[in-house]
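Asker: Compact mmCIF, C-alpha atoms and all ligand atoms, file structure.txt:
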# COMPACT_ATOMS: atom_id res chain seq x y z
CA MET N 1 294.75 172.51 -99.22
CA LYS N 2 293.03 170.03 -101.58
CA SER N 3 290.37 171.49 -103.86
CA ALA N 4 287.39 169.61 -102.34
CA THR N 5 288.17 171.33 -99.03
CA LYS N 6 288.78 174.69 -100.71
CA TYR N 7 285.31 174.74 -102.26
CA ILE N 8 283.74 174.41 -98.82
CA HIS N 9 285.95 176.82 -96.88
CA ALA N 10 287.05 179.47 -99.43
CA GLY N 11 286.02 182.96 -98.29
CA ALA N 12 284.14 181.56 -95.28
CA HIS N 13 284.66 183.39 -91.99
CA PRO N 14 282.06 183.43 -89.21
CA ASP N 15 280.24 186.77 -89.26
CA PRO N 16 282.09 189.04 -86.78
CA SER N 17 278.92 190.46 -85.21
CA THR N 18 276.93 187.24 -84.66
CA GLY N 19 279.10 184.24 -85.48
CA ALA N 20 276.77 183.26 -88.36
CA ILE N 21 278.62 180.51 -90.23
CA MET N 22 277.31 181.75 -93.59
CA THR N 23 278.28 185.28 -94.66
CA PRO N 24 275.01 187.24 -94.42
CA VAL N 25 273.42 189.07 -97.34
CA TYR N 26 274.49 192.62 -96.51
CA GLN N 27 271.56 194.26 -98.27
CA THR N 28 272.71 197.83 -97.79
CA SER N 29 273.77 200.70 -100.01
CA THR N 30 275.85 202.57 -97.43
CA TYR N 31 277.59 202.30 -94.05
CA VAL N 32 277.35 204.69 -91.11
CA GLN N 33 280.68 206.36 -90.35
CA GLU N 34 281.90 207.11 -86.83
CA ALA N 35 283.26 210.51 -87.90
CA PRO N 36 283.94 212.01 -91.34
CA GLY N 37 286.39 209.64 -93.03
CA VAL N 38 286.41 207.19 -90.08
CA ASN N 39 284.85 203.90 -91.17
CA LYS N 40 285.25 200.14 -90.91
CA GLY N 41 286.61 199.76 -94.45
CA TYR N 42 283.15 200.01 -95.97
CA GLU N 43 281.91 203.38 -97.28
CA TYR N 44 279.48 202.84 -100.13
CA ALA N 45 278.29 199.52 -101.56
CA ARG N 46 279.34 200.13 -105.18
CA SER N 47 282.92 200.19 -103.84
CA GLN N 48 282.66 197.54 -101.09
CA ASN N 49 280.13 195.09 -99.71
CA PRO N 50 281.00 192.37 -97.16
CA THR N 51 279.05 189.64 -99.01
CA ARG N 52 280.93 190.53 -102.17
CA THR N 53 284.25 190.66 -100.29
CA ALA N 54 283.67 187.08 -99.06
CA LEU N 55 282.85 185.93 -102.59
CA GLU N 56 285.83 187.72 -104.14
CA GLU N 57 288.10 186.00 -101.64
CA ALA N 58 286.51 182.64 -102.48
CA LEU N 59 286.93 183.24 -106.23
CA ALA N 60 290.64 183.95 -105.74
CA VAL N 61 291.16 180.83 -103.61
CA ILE N 62 289.44 178.42 -106.03
CA GLU N 63 291.37 179.79 -109.06
CA ASN N 64 294.73 179.63 -107.23
CA GLY N 65 294.96 183.41 -107.52
CA LYS N 66 295.60 186.25 -105.09
CA TYR N 67 292.72 188.59 -105.96
CA GLY N 68 289.13 188.12 -107.11
CA LEU N 69 286.70 190.74 -108.43
CA ALA N 70 283.00 190.05 -108.99
CA PHE N 71 280.92 191.77 -111.69
CA SER N 72 277.25 192.00 -112.53
CA SER N 73 277.69 189.60 -115.50
CA GLY N 74 280.35 187.73 -117.43
CA VAL N 75 280.31 190.33 -120.19
CA ALA N 76 280.72 193.10 -117.57
CA ALA N 77 283.90 191.33 -116.40
CA THR N 78 285.13 191.17 -120.03
CA ASP N 79 284.19 194.83 -120.50
CA ALA N 80 286.31 195.77 -117.46
CA VAL N 81 289.35 193.97 -118.90
CA ILE N 82 289.13 195.71 -122.28
CA LYS N 83 288.82 199.07 -120.47
CA LEU N 84 292.47 198.58 -119.41
CA LEU N 85 293.30 199.45 -123.05
CA SER N 86 293.48 202.70 -125.05
CA PRO N 87 292.59 203.58 -128.64
CA GLY N 88 295.05 202.00 -131.07
CA ASP N 89 295.87 199.08 -128.79
CA GLU N 90 295.50 195.64 -130.33
CA VAL N 91 293.95 192.46 -128.99
CA ILE N 92 294.53 189.00 -130.43
CA CYS N 93 291.59 186.70 -129.84
CA ALA N 94 290.22 183.33 -130.84
CA ASN N 95 288.15 183.13 -134.03
CA ASP N 96 285.76 180.75 -132.26
CA MET N 97 284.47 182.24 -129.03
CA TYR N 98 281.35 183.10 -127.10
CA GLY N 99 279.03 185.20 -129.29
CA GLY N 100 278.53 187.88 -126.63
CA THR N 101 282.29 188.42 -126.33
CA TYR N 102 282.53 188.79 -130.11
CA ARG N 103 279.63 191.26 -130.08
CA LEU N 104 281.20 193.34 -127.30
CA PHE N 105 284.52 193.47 -129.16
CA THR N 106 283.16 194.22 -132.64
CA LYS N 107 280.09 196.34 -131.89
CA VAL N 108 281.23 198.31 -128.85
CA PHE N 109 285.01 198.45 -128.45
CA GLU N 110 285.94 198.71 -132.14
CA ARG N 111 284.09 202.05 -132.10
CA PHE N 112 286.50 203.21 -129.40
CA GLY N 113 289.49 202.43 -131.58
CA ILE N 114 290.55 199.09 -130.05
CA VAL N 115 291.73 196.71 -132.79
CA PHE N 116 290.82 193.01 -132.57
CA ARG N 117 292.64 190.35 -134.59
CA TYR N 118 290.92 186.99 -134.80
CA VAL N 119 293.16 183.97 -135.22
CA ASP N 120 293.01 180.21 -134.77
CA THR N 121 294.58 180.09 -131.30
CA THR N 122 294.69 176.27 -131.24
CA ASN N 123 298.12 176.80 -132.80
CA ALA N 124 300.21 179.15 -130.64
CA ALA N 125 302.31 180.01 -133.72
CA ASN N 126 299.27 181.83 -135.14
CA VAL N 127 299.18 184.01 -132.02
CA GLN N 128 302.90 184.68 -132.33
CA ALA N 129 302.47 185.64 -136.00
CA ALA N 130 299.69 188.14 -135.19
CA VAL N 131 301.69 190.03 -132.56
CA THR N 132 302.61 193.61 -133.48
CA ALA N 133 304.23 196.43 -131.51
CA ARG N 134 300.70 197.51 -130.50
CA THR N 135 299.51 194.15 -129.18
CA LYS N 136 298.54 194.62 -125.52
CA LEU N 137 296.32 191.65 -124.78
CA VAL N 138 295.57 188.09 -125.90
CA TRP N 139 292.06 186.79 -125.19
CA LEU N 140 291.65 183.02 -125.09
CA GLU N 141 288.72 180.73 -124.51
CA THR N 142 289.39 177.02 -124.01
CA PRO N 143 287.48 174.78 -124.51
CA THR N 144 285.63 177.04 -126.93
CA ASN N 145 281.92 177.58 -127.13
CA PRO N 146 280.45 175.69 -128.97
CA LEU N 147 283.08 173.80 -131.01
CA MET N 148 285.17 172.56 -128.05
CA ASN N 149 288.45 173.66 -129.60
CA ILE N 150 291.39 173.46 -127.23
CA THR N 151 294.17 176.02 -126.96
CA ASP N 152 297.44 175.26 -125.17
CA ILE N 153 297.42 178.00 -122.51
CA ALA N 154 301.07 177.47 -121.49
CA ALA N 155 302.21 177.62 -125.15
CA VAL N 156 300.43 180.97 -125.67
CA ALA N 157 301.75 182.23 -122.31
CA ALA N 158 305.27 181.53 -123.60
CA VAL N 159 304.52 183.98 -126.45
CA THR N 160 302.90 186.70 -124.29
CA LYS N 161 305.39 186.59 -121.38
CA THR N 162 308.41 187.61 -123.46
CA LYS N 163 306.53 190.58 -124.94
CA LYS N 164 304.74 191.85 -121.79
CA ILE N 165 301.35 191.17 -123.35
CA LEU N 166 298.49 190.43 -120.95
CA LEU N 167 297.08 186.93 -121.32
CA VAL N 168 293.41 186.57 -120.38
CA VAL N 169 291.60 183.22 -120.37
CA ASP N 170 287.81 182.84 -120.34
CA ASN N 171 287.64 179.73 -118.12
CA THR N 172 283.85 179.48 -118.07
CA PHE N 173 283.54 176.12 -119.84
CA ALA N 174 286.13 174.28 -117.76
CA SER N 175 285.43 175.95 -114.40
CA PRO N 176 288.19 176.16 -111.76
CA ALA N 177 287.54 172.51 -110.92
CA LEU N 178 288.96 171.35 -114.26
CA GLN N 179 291.45 174.04 -115.27
CA ASN N 180 293.40 176.82 -113.53
CA PRO N 181 294.84 179.18 -116.18
CA LEU N 182 296.88 181.28 -113.71
CA ASP N 183 298.95 178.16 -112.95
CA LEU N 184 299.60 177.85 -116.71
CA GLY N 185 300.89 181.41 -117.11
CA ALA N 186 297.72 183.48 -117.67
CA ASP N 187 297.57 186.96 -116.11
CA ILE N 188 293.79 187.16 -115.70
CA VAL N 189 291.11 184.47 -115.53
CA MET N 190 287.61 185.51 -116.53
CA HIS N 191 284.43 183.61 -115.65
CA SER N 192 280.82 183.84 -116.53
CA VAL N 193 279.88 182.93 -112.95
CA THR N 194 276.34 182.51 -114.32
CA LYS N 195 277.40 179.06 -115.51
CA TYR N 196 279.24 176.40 -113.45
CA LEU N 197 280.25 178.61 -110.50
CA GLY N 198 276.67 179.64 -109.74
CA GLY N 199 275.65 176.22 -110.97
CA HIS N 200 271.89 176.48 -110.43
CA SER N 201 270.68 178.73 -113.26
CA ASP N 202 269.51 181.37 -110.80
CA VAL N 203 272.03 184.19 -111.11
CA ILE N 204 273.85 186.34 -113.70
CA GLN N 205 277.38 187.22 -112.61
CA GLY N 206 280.97 187.52 -113.80
CA ALA N 207 284.41 187.34 -112.23
CA LEU N 208 288.07 188.14 -112.76
CA VAL N 209 290.92 186.54 -110.83
CA MET N 210 294.58 187.65 -110.95
CA ASN N 211 297.88 187.59 -109.03
CA ASP N 212 299.44 190.96 -109.79
CA PRO N 213 298.52 193.64 -107.19
CA GLU N 214 298.93 196.50 -109.70
CA LEU N 215 296.59 194.79 -112.14
CA ARG N 216 294.14 194.22 -109.30
CA GLU N 217 294.22 197.94 -108.43
CA LYS N 218 293.55 198.93 -112.05
CA LEU N 219 290.67 196.50 -112.41
CA TYR N 220 289.20 197.42 -109.01
CA PHE N 221 289.32 201.08 -110.09
CA ILE N 222 287.37 200.16 -113.26
CA GLN N 223 284.94 198.03 -111.24
CA LYS N 224 284.04 200.89 -108.88
CA SER N 225 284.26 203.65 -111.49
CA CYS N 226 282.11 201.92 -114.08
CA GLY N 227 279.88 200.30 -111.47
CA ALA N 228 278.98 196.90 -112.94
CA VAL N 229 278.92 195.25 -109.51
CA PRO N 230 276.75 192.31 -108.44
CA GLY N 231 274.17 192.67 -105.68
CA PRO N 232 274.76 190.97 -102.31
CA MET N 233 272.01 188.35 -102.78
CA ASP N 234 273.66 187.19 -106.01
CA CYS N 235 277.03 187.01 -104.21
CA PHE N 236 275.42 184.89 -101.49
CA LEU N 237 273.95 182.49 -104.06
CA VAL N 238 277.34 182.07 -105.73
CA LEU N 239 279.09 181.49 -102.38
CA ARG N 240 276.59 178.68 -101.87
CA GLY N 241 277.09 177.39 -105.42
CA ILE N 242 280.87 177.19 -105.02
CA LYS N 243 280.52 174.83 -102.04
CA THR N 244 279.28 172.05 -104.34
CA LEU N 245 281.47 172.88 -107.36
CA GLY N 246 283.67 169.82 -106.85
CA VAL N 247 280.88 167.27 -106.60
CA ARG N 248 278.84 168.91 -109.34
CA MET N 249 281.74 169.01 -111.81
CA LYS N 250 282.51 165.34 -111.10
CA ALA N 251 278.92 164.45 -111.98
CA HIS N 252 278.89 166.74 -115.07
CA CYS N 253 282.07 165.05 -116.32
CA GLU N 254 280.80 161.51 -115.69
CA ASN N 255 277.52 162.20 -117.47
CA GLY N 256 279.30 164.10 -120.26
CA LYS N 257 281.50 161.10 -120.95
CA ILE N 258 278.54 158.71 -121.09
CA ILE N 259 276.54 160.95 -123.42
CA ALA N 260 279.44 161.84 -125.72
CA ASN N 261 280.24 158.15 -126.21
CA TRP N 262 276.59 157.22 -126.68
CA LEU N 263 276.06 159.98 -129.27
CA ARG N 264 279.16 158.95 -131.14
CA LYS N 265 277.83 155.40 -131.64
CA HIS N 266 274.38 156.62 -132.73
CA PRO N 267 273.72 155.79 -136.41
CA LYS N 268 272.00 159.14 -137.05
CA VAL N 269 274.81 161.26 -135.55
CA ALA N 270 277.51 162.46 -137.95
CA ARG N 271 279.97 164.14 -135.62
CA VAL N 272 280.42 164.74 -131.90
CA TYR N 273 282.58 167.56 -130.52
CA TRP N 274 283.97 166.66 -127.09
CA PRO N 275 287.62 167.05 -126.01
CA GLY N 276 287.64 163.70 -124.17
CA PHE N 277 287.80 161.67 -127.41
CA GLU N 278 291.32 160.43 -128.06
CA ASP N 279 291.06 161.49 -131.72
CA HIS N 280 289.91 165.04 -130.84
CA PRO N 281 292.65 167.35 -132.23
CA GLY N 282 293.03 169.00 -128.81
CA TYR N 283 292.97 165.78 -126.76
CA ALA N 284 296.65 165.75 -125.75
CA VAL N 285 296.57 169.41 -124.67
CA ALA N 286 293.23 168.97 -122.88
CA LYS N 287 294.63 165.98 -121.01
CA LYS N 288 297.68 168.00 -120.01
CA GLN N 289 295.95 171.20 -118.87
CA MET N 290 292.52 169.97 -117.68
CA LYS N 291 291.65 167.56 -114.87
CA ASP N 292 288.69 166.14 -116.81
CA PHE N 293 286.76 166.90 -120.00
CA GLY N 294 283.55 168.50 -118.80
CA GLY N 295 279.89 168.21 -119.61
CA MET N 296 279.66 170.40 -122.71
CA ILE N 297 279.11 168.52 -125.97
CA SER N 298 278.14 169.64 -129.47
CA PHE N 299 277.02 167.37 -132.31
CA GLU N 300 275.76 167.30 -135.87
CA LEU N 301 273.24 164.90 -137.35
CA LYS N 302 273.81 162.94 -140.56
CA ASN N 303 270.65 164.58 -141.88
CA ASP N 304 272.36 167.96 -142.03
CA SER N 305 269.22 170.10 -142.40
CA VAL N 306 268.28 172.94 -140.08
CA GLU N 307 264.72 171.53 -140.00
CA GLU N 308 265.94 168.19 -138.62
CA ALA N 309 268.13 169.93 -136.03
CA LYS N 310 265.15 172.07 -134.99
CA ARG N 311 262.96 168.96 -134.75
CA VAL N 312 265.42 167.31 -132.35
CA LEU N 313 265.83 170.56 -130.38
CA SER N 314 262.06 170.72 -129.86
CA SER N 315 261.63 167.03 -128.98
CA THR N 316 263.59 166.60 -125.74
CA HIS N 317 261.88 166.78 -122.36
CA LEU N 318 264.65 166.58 -119.75
CA PHE N 319 267.01 168.66 -121.88
CA SER N 320 265.32 172.08 -121.83
CA LEU N 321 265.67 174.26 -124.92
CA ALA N 322 267.46 177.29 -123.50
CA GLU N 323 270.54 179.47 -123.75
CA SER N 324 273.13 179.25 -120.96
CA LEU N 325 274.93 176.21 -119.52
CA GLY N 326 276.55 174.85 -116.41
CA GLY N 327 273.46 174.42 -114.26
CA VAL N 328 272.49 171.17 -112.55
CA GLU N 329 269.72 170.65 -115.12
CA SER N 330 270.48 169.60 -118.69
CA LEU N 331 270.00 172.13 -121.49
CA ILE N 332 269.92 171.86 -125.28
CA ASN N 333 270.72 174.80 -127.52
CA HIS N 334 270.93 175.78 -131.18
CA PRO N 335 274.01 178.06 -131.40
CA ALA N 336 273.23 179.37 -134.92
CA SER N 337 269.89 180.88 -133.85
CA MET N 338 270.48 181.33 -130.11
CA THR N 339 273.84 181.85 -128.32
CA HIS N 340 275.84 182.64 -131.47
CA ALA N 341 273.23 184.50 -133.54
CA SER N 342 275.21 187.72 -132.95
CA ILE N 343 278.04 186.35 -135.13
CA PRO N 344 277.41 186.92 -138.87
CA ARG N 345 276.51 183.66 -140.69
CA GLU N 346 279.51 183.74 -143.04
CA GLU N 347 281.85 184.16 -140.03
CA ARG N 348 280.16 181.26 -138.25
CA ILE N 349 280.37 178.93 -141.26
CA LYS N 350 283.99 179.92 -141.93
CA ASN N 351 284.86 178.91 -138.37
CA GLY N 352 283.07 175.56 -138.64
CA LEU N 353 279.88 176.42 -136.78
CA SER N 354 277.18 174.90 -139.01
CA ASP N 355 273.50 175.84 -139.03
CA SER N 356 272.61 172.34 -137.82
CA LEU N 357 275.01 172.16 -134.85
CA ILE N 358 273.33 171.21 -131.56
CA ARG N 359 274.95 172.01 -128.21
CA LEU N 360 274.28 170.18 -124.96
CA SER N 361 274.99 171.29 -121.42
CA VAL N 362 274.82 167.93 -119.67
CA GLY N 363 273.37 168.27 -116.18
CA ILE N 364 273.72 166.00 -113.18
CA GLU N 365 270.51 164.00 -113.57
CA ASP N 366 270.73 160.19 -113.85
CA PRO N 367 272.56 159.51 -117.13
CA ASP N 368 270.13 156.69 -118.08
CA ASP N 369 267.28 159.20 -118.15
CA LEU N 370 269.32 161.68 -120.17
CA VAL N 371 270.27 159.05 -122.77
CA GLU N 372 266.65 157.93 -123.03
CA ASP N 373 265.51 161.53 -123.57
CA LEU N 374 268.04 162.05 -126.38
CA ALA N 375 267.29 158.64 -127.90
CA LYS N 376 263.59 159.48 -128.21
CA ALA N 377 264.31 162.94 -129.63
CA ILE N 378 266.87 161.82 -132.22
CA GLY N 379 264.64 158.85 -133.11
C1 LIG N 401 277.88 182.98 -120.89
C2 LIG N 401 279.28 183.21 -121.27
C3 LIG N 401 279.86 184.49 -121.22
C4 LIG N 401 279.08 185.72 -120.81
O1 LIG N 401 278.67 185.68 -119.48
P1 LIG N 401 277.30 186.35 -118.93
O2 LIG N 401 277.31 185.96 -117.51
O3 LIG N 401 276.18 185.76 -119.73
O4 LIG N 401 277.41 187.81 -119.16
C5 LIG N 401 281.20 184.62 -121.55
N1 LIG N 401 281.92 183.55 -121.96
C6 LIG N 401 281.40 182.31 -122.03
C7 LIG N 401 282.26 181.17 -122.47
C8 LIG N 401 280.07 182.09 -121.71
O5 LIG N 401 279.55 180.87 -121.83
Take the structure in the file and write it out as structure tokens.

Answerer:
Amino acid sequence: MKSATKYIHAGAHPDPSTGAIMTPVYQTSTYVQEAPGVNKGYEYARSQNPTRTALEEALAVIENGKYGLAFSSGVAATDAVIKLLSPGDEVICANDMYGGTYRLFTKVFERFGIVFRYVDTTNAANVQAAVTARTKLVWLETPTNPLMNITDIAAVAAVTKTKKILLVVDNTFASPALQNPLDLGADIVMHSVTKYLGGHSDVIQGALVMNDPELREKLYFIQKSCGAVPGPMDCFLVLRGIKTLGVRMKAHCENGKIIANWLRKHPKVARVYWPGFEDHPGYAVAKKQMKDFGGMISFELKNDSVEEAKRVLSSTHLFSLAESLGGVESLINHPASMTHASIPREERIKNGLSDSLIRLSVGIEDPDDLVEDLAKAIG
């Protein structure tokens, strides 16, 4: 089935009791049993909920996976993955990744004895070099947030496969419409559903998708035992969001391309980070593993002062100053003080994230209006 059709029909079955075409919001905590232990597959809503079941099926279908699991947030999904590990186990991860993932790894899981090694994953040889006998998992993000670095998923999978190391890819920035890591050799795909999958800035949710039934059982056990499950209304909203993923991503990519090229020609802009530029170091890999380049763009001004960046950040009208991304409306963000403030400054600078970097989540408004808004703000 082609993806445009998948987005509409994934997880959709008419409701068995009424024929409702949309899976209802099963707002219930428990299910009445016919006799002790005799039930319809639903016992208690932390373990199972029909609205969540429909969504989890949809998540699997759109990521070309067998099993989906939904969580109460993206970081809850990440948390569940790391709970597969034991003290002493090692994780290799990107040195440029979402600030909340870095915070969870360094501030929570390091205390439990999990060891994290941060490397530049854009070169798979660096991953290979960091592998030890205790390496159990490699955590990738591509494109990265906010520097748009690209890692070759298949090249890293070639390293992990021979050593039985789990490969996890945070696919939030690309969305399943642009990149499907399981097809490239990943074992688990993680999403902050909050972003492109929800798509309307109205829900916090996370997801994991995988193919291996044993891995699914382990992660389902963690999901129900630790309890970070999404409510049925949130699952309903995401089922709705997924239906327009294809058309939304097409519009995000078209607008992203227009804005990236416009910014690049602007006399006051020093540098634009967007993987669709032919001279972007990850262009060839992005072209190979992604269907398009997305609507996330970061840039630096020639006037490299934090004050000037803050002036621009406060001067847009259509681009709202806010954390998050992937919604239909355009957002502007200052990673150093907002999304990535949880990463120590020296770490940020070392990895190329300057104090004056501005990040855009390009929405699906008319691109002429978006360009005009940025033009006025940059001046
Ligand atoms: C937002 C985000 C997360 C965390 O997801 P939440 O839904 O906010 O918990 C993880 N990774 C990336 C790339 C993100 O952008």

Asker: Using only C-alpha atoms, can you list as a VMD selection string the residues within 10 Å of (294.9, 185.2, -137.5)?

Answerer: chain N and resid 92 to 95 117 to 121 125 to 131

Asker: Could you report the residues within 8 Å of ligand LIG 401 (chain N), using only C-alpha atoms and all ligand atoms, as a CSV table (one decimal) with C-alpha atoms, in the coordinates of the input?

Answerer:
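Saved as out_3.csv:
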chain,number,residue,atom,x,y,z
N,72,SER,CA,277.2,192.0,-112.5
N,73,SER,CA,277.7,189.6,-115.5
N,74,GLY,CA,280.4,187.7,-117.4
N,75,VAL,CA,280.3,190.3,-120.2
N,76,ALA,CA,280.7,193.1,-117.6
N,77,ALA,CA,283.9,191.3,-116.4
N,78,THR,CA,285.1,191.2,-120.0
N,97,MET,CA,284.5,182.2,-129.0
N,98,TYR,CA,281.4,183.1,-127.1
N,100,GLY,CA,278.5,187.9,-126.6
N,101,THR,CA,282.3,188.4,-126.3
N,141,GLU,CA,288.7,180.7,-124.5
N,144,THR,CA,285.6,177.0,-126.9
N,145,ASN,CA,281.9,177.6,-127.1
N,170,ASP,CA,287.8,182.8,-120.3
N,171,ASN,CA,287.6,179.7,-118.1
N,172,THR,CA,283.8,179.5,-118.1
N,173,PHE,CA,283.5,176.1,-119.8
N,191,HIS,CA,284.4,183.6,-115.6
N,192,SER,CA,280.8,183.8,-116.5
N,193,VAL,CA,279.9,182.9,-113.0
N,194,THR,CA,276.3,182.5,-114.3
N,195,LYS,CA,277.4,179.1,-115.5
N,204,ILE,CA,273.8,186.3,-113.7
N,205,GLN,CA,277.4,187.2,-112.6
N,206,GLY,CA,281.0,187.5,-113.8
N,324,SER,CA,273.1,179.2,-121.0
N,325,LEU,CA,274.9,176.2,-119.5

Asker: Residues within 9 Å of region 343-346 of chain N, please, as a list in words. Count all atoms listed in the file; anything in the same chain fewer than 4 positions from it doesn't count.

Answerer: Gly99, Gly100, Tyr102, Arg103, Ala336, Lys350, Asn351, Leu353, Ser354 and Asp355 of chain N

Asker: Counting only C-alpha atoms, figure out which residue out of N:Lys250, N:Lys288, N:Arg240, N:Lys302 gets nearest to Pro267 (chain N).

Answerer: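 Answer, going by the shortest atom-to-atom distance: N:Lys302.
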
Asker: Which is closer to His252 (chain N) than all the others in N:Glu307, N:Asp202, N:Asp183, N:Glu329, using all atoms listed in the file?

Answerer: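 Residue with the minimum atom-to-atom distance to His252 (chain N): N:Glu329.
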
Asker: List every residue of region 158-259 of chain N that has an atom at most 10 Å from any atom of region 32-52 of chain N, and for each one report the closest atom pair and its distance in Å to one decimal, counting only C-alpha atoms, with rows sorted by chain and then by increasing residue number, as a tab-separated table.

Answerer:
residue	atom	partner	partner_atom	distance
N:Tyr220	CA	N:Ser47	CA	8.6
N:Phe221	CA	N:Ser47	CA	9.0
N:Gln223	CA	N:Ser47	CA	8.0
N:Lys224	CA	N:Ser47	CA	5.2
N:Ser225	CA	N:Ser47	CA	8.5
N:Cys226	CA	N:Arg46	CA	9.5
N:Gly227	CA	N:Arg46	CA	6.3
N:Ala228	CA	N:Arg46	CA	8.4
N:Val229	CA	N:Arg46	CA	6.5
N:Pro230	CA	N:Arg52	CA	7.7
N:Gly231	CA	N:Arg52	CA	7.9
N:Pro232	CA	N:Thr51	CA	5.6
N:Met233	CA	N:Thr51	CA	8.1
N:Asp234	CA	N:Arg52	CA	8.9
N:Cys235	CA	N:Arg52	CA	5.6
N:Phe236	CA	N:Thr51	CA	6.5
N:Val238	CA	N:Arg52	CA	9.9
N:Leu239	CA	N:Thr51	CA	8.8

Asker: For C-alpha atoms, I'd like the residues from the last selection saved as an mmCIF file, in the frame of the given file.

Answerer:
data_model
loop_
_atom_site.group_PDB
_atom_site.id
_atom_site.type_symbol
_atom_site.label_atom_id
_atom_site.label_comp_id
_atom_site.auth_asym_id
_atom_site.auth_seq_id
_atom_site.Cartn_x
_atom_site.Cartn_y
_atom_site.Cartn_z
ATOM 1 C CA TYR N 220 289.200 197.420 -109.010
ATOM 2 C CA PHE N 221 289.320 201.080 -110.090
ATOM 3 C CA GLN N 223 284.940 198.030 -111.240
ATOM 4 C CA LYS N 224 284.040 200.890 -108.880
ATOM 5 C CA SER N 225 284.260 203.650 -111.490
ATOM 6 C CA CYS N 226 282.110 201.920 -114.080
ATOM 7 C CA GLY N 227 279.880 200.300 -111.470
ATOM 8 C CA ALA N 228 278.980 196.900 -112.940
ATOM 9 C CA VAL N 229 278.920 195.250 -109.510
ATOM 10 C CA PRO N 230 276.750 192.310 -108.440
ATOM 11 C CA GLY N 231 274.170 192.670 -105.680
ATOM 12 C CA PRO N 232 274.760 190.970 -102.310
ATOM 13 C CA MET N 233 272.010 188.350 -102.780
ATOM 14 C CA ASP N 234 273.660 187.190 -106.010
ATOM 15 C CA CYS N 235 277.030 187.010 -104.210
ATOM 16 C CA PHE N 236 275.420 184.890 -101.490
ATOM 17 C CA VAL N 238 277.340 182.070 -105.730
ATOM 18 C CA LEU N 239 279.090 181.490 -102.380
#

Asker: Val285 (chain N): which residues within 9 Å, counting all atoms listed in the file, same-chain residues fewer than 6 positions away excluded, as a ChimeraX atom specification?

Answerer: /N:150-153

Asker: How far is it from CA of Ile378 (chain N) to CA of Gly295 (chain N), in Å with one decimal?

Answerer: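 Going from CA of Ile378 (chain N) over to CA of Gly295 (chain N), I get 19.2 Å.
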
Asker: With a distance cut-off of 6 Å and only C-alpha atoms, select the neighbouring residues of region 106-116 of chain N, excluding the residue or stretch itself and same-chain residues fewer than 5 positions from it, and output the selection as a list in words.

Answerer: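 Here the answer would be Pro87, Gly88, Asp89, Glu90, Val91 and Ile92 of chain N.
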
Asker: What does the file look like for those residues with C-alpha atoms, as a PDB file, keeping the file's coordinate frame?

Answerer:
ATOM      1  CA  PRO N  87     292.590 203.580-128.640  1.00  0.00           C
ATOM      2  CA  GLY N  88     295.050 202.000-131.070  1.00  0.00           C
ATOM      3  CA  ASP N  89     295.870 199.080-128.790  1.00  0.00           C
ATOM      4  CA  GLU N  90     295.500 195.640-130.330  1.00  0.00           C
ATOM      5  CA  VAL N  91     293.950 192.460-128.990  1.00  0.00           C
ATOM      6  CA  ILE N  92     294.530 189.000-130.430  1.00  0.00           C
TER       7      ILE N  92
END

Asker: Taking only C-alpha atoms into account, name the residue in N:Ala10, N:Ala155, N:Met148, N:Val138 that is nearest to His280 (chain N).

Answerer: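 For His280 (chain N), the nearest of the candidates is N:Met148.
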
Asker: For each of N:Thr339, N:Thr160, N:Asn149, N:Asn255, take the minimum atom-to-atom distance to Thr132 (chain N), counting all atoms listed in the file, then give the residue where this is smallest.

Answerer: N:Thr160

Asker: Can you work out which one of N:Ala284, N:Ile259, N:Ala309, N:Met210 has the shortest atom-to-atom distance to Leu166 (chain N), counting all atoms listed in the file?

Answerer: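 Of N:Ala284, N:Ile259, N:Ala309, N:Met210, the one nearest Leu166 (chain N), counting all atoms listed in the file, is N:Met210.
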
Asker: Can you work out which one of N:Val328, N:Val209, N:Ile8, N:Leu197 has the shortest atom-to-atom distance to Glu57 (chain N), counting only C-alpha atoms?

Answerer: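 The closest residue to Glu57 (chain N) is N:Val209.
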
Asker: Name all residues at most 9 Å from Glu300 (chain N) (count all atoms listed in the file; drop same-chain ones fewer than 2 positions away) and give them as JSON, numbers by chain.

Answerer: {"N": [269, 270, 271, 272, 273, 298, 302, 303, 304, 309, 354, 356, 357, 358]}

Asker: Go ahead and save the residues from that selection, with C-alpha atoms, as a compact mmCIF listing (two decimals), in the frame of the given file.

Answerer:
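Heads up, here's the output in selection_21.txt:
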# COMPACT_ATOMS: atom_id res chain seq x y z
CA VAL N 269 274.81 161.26 -135.55
CA ALA N 270 277.51 162.46 -137.95
CA ARG N 271 279.97 164.14 -135.62
CA VAL N 272 280.42 164.74 -131.90
CA TYR N 273 282.58 167.56 -130.52
CA SER N 298 278.14 169.64 -129.47
CA LYS N 302 273.81 162.94 -140.56
CA ASN N 303 270.65 164.58 -141.88
CA ASP N 304 272.36 167.96 -142.03
CA ALA N 309 268.13 169.93 -136.03
CA SER N 354 277.18 174.90 -139.01
CA SER N 356 272.61 172.34 -137.82
CA LEU N 357 275.01 172.16 -134.85
CA ILE N 358 273.33 171.21 -131.56

Asker: Residues near Gly363 (chain N), anyone? I mean within 12 Å using all atoms listed in the file, not counting same-chain ones fewer than 6 positions away, as a PyMOL selection string.

Answerer: chain N and resi 195-196+199-201+248-259+294-297+318-320+324-332+369-371

Asker: Tell me, in Å to one decimal, how far CA of Leu178 (chain N) is from CA of Phe293 (chain N).

Answerer: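 Going from CA of Leu178 (chain N) over to CA of Phe293 (chain N) covers 7.6 Å.
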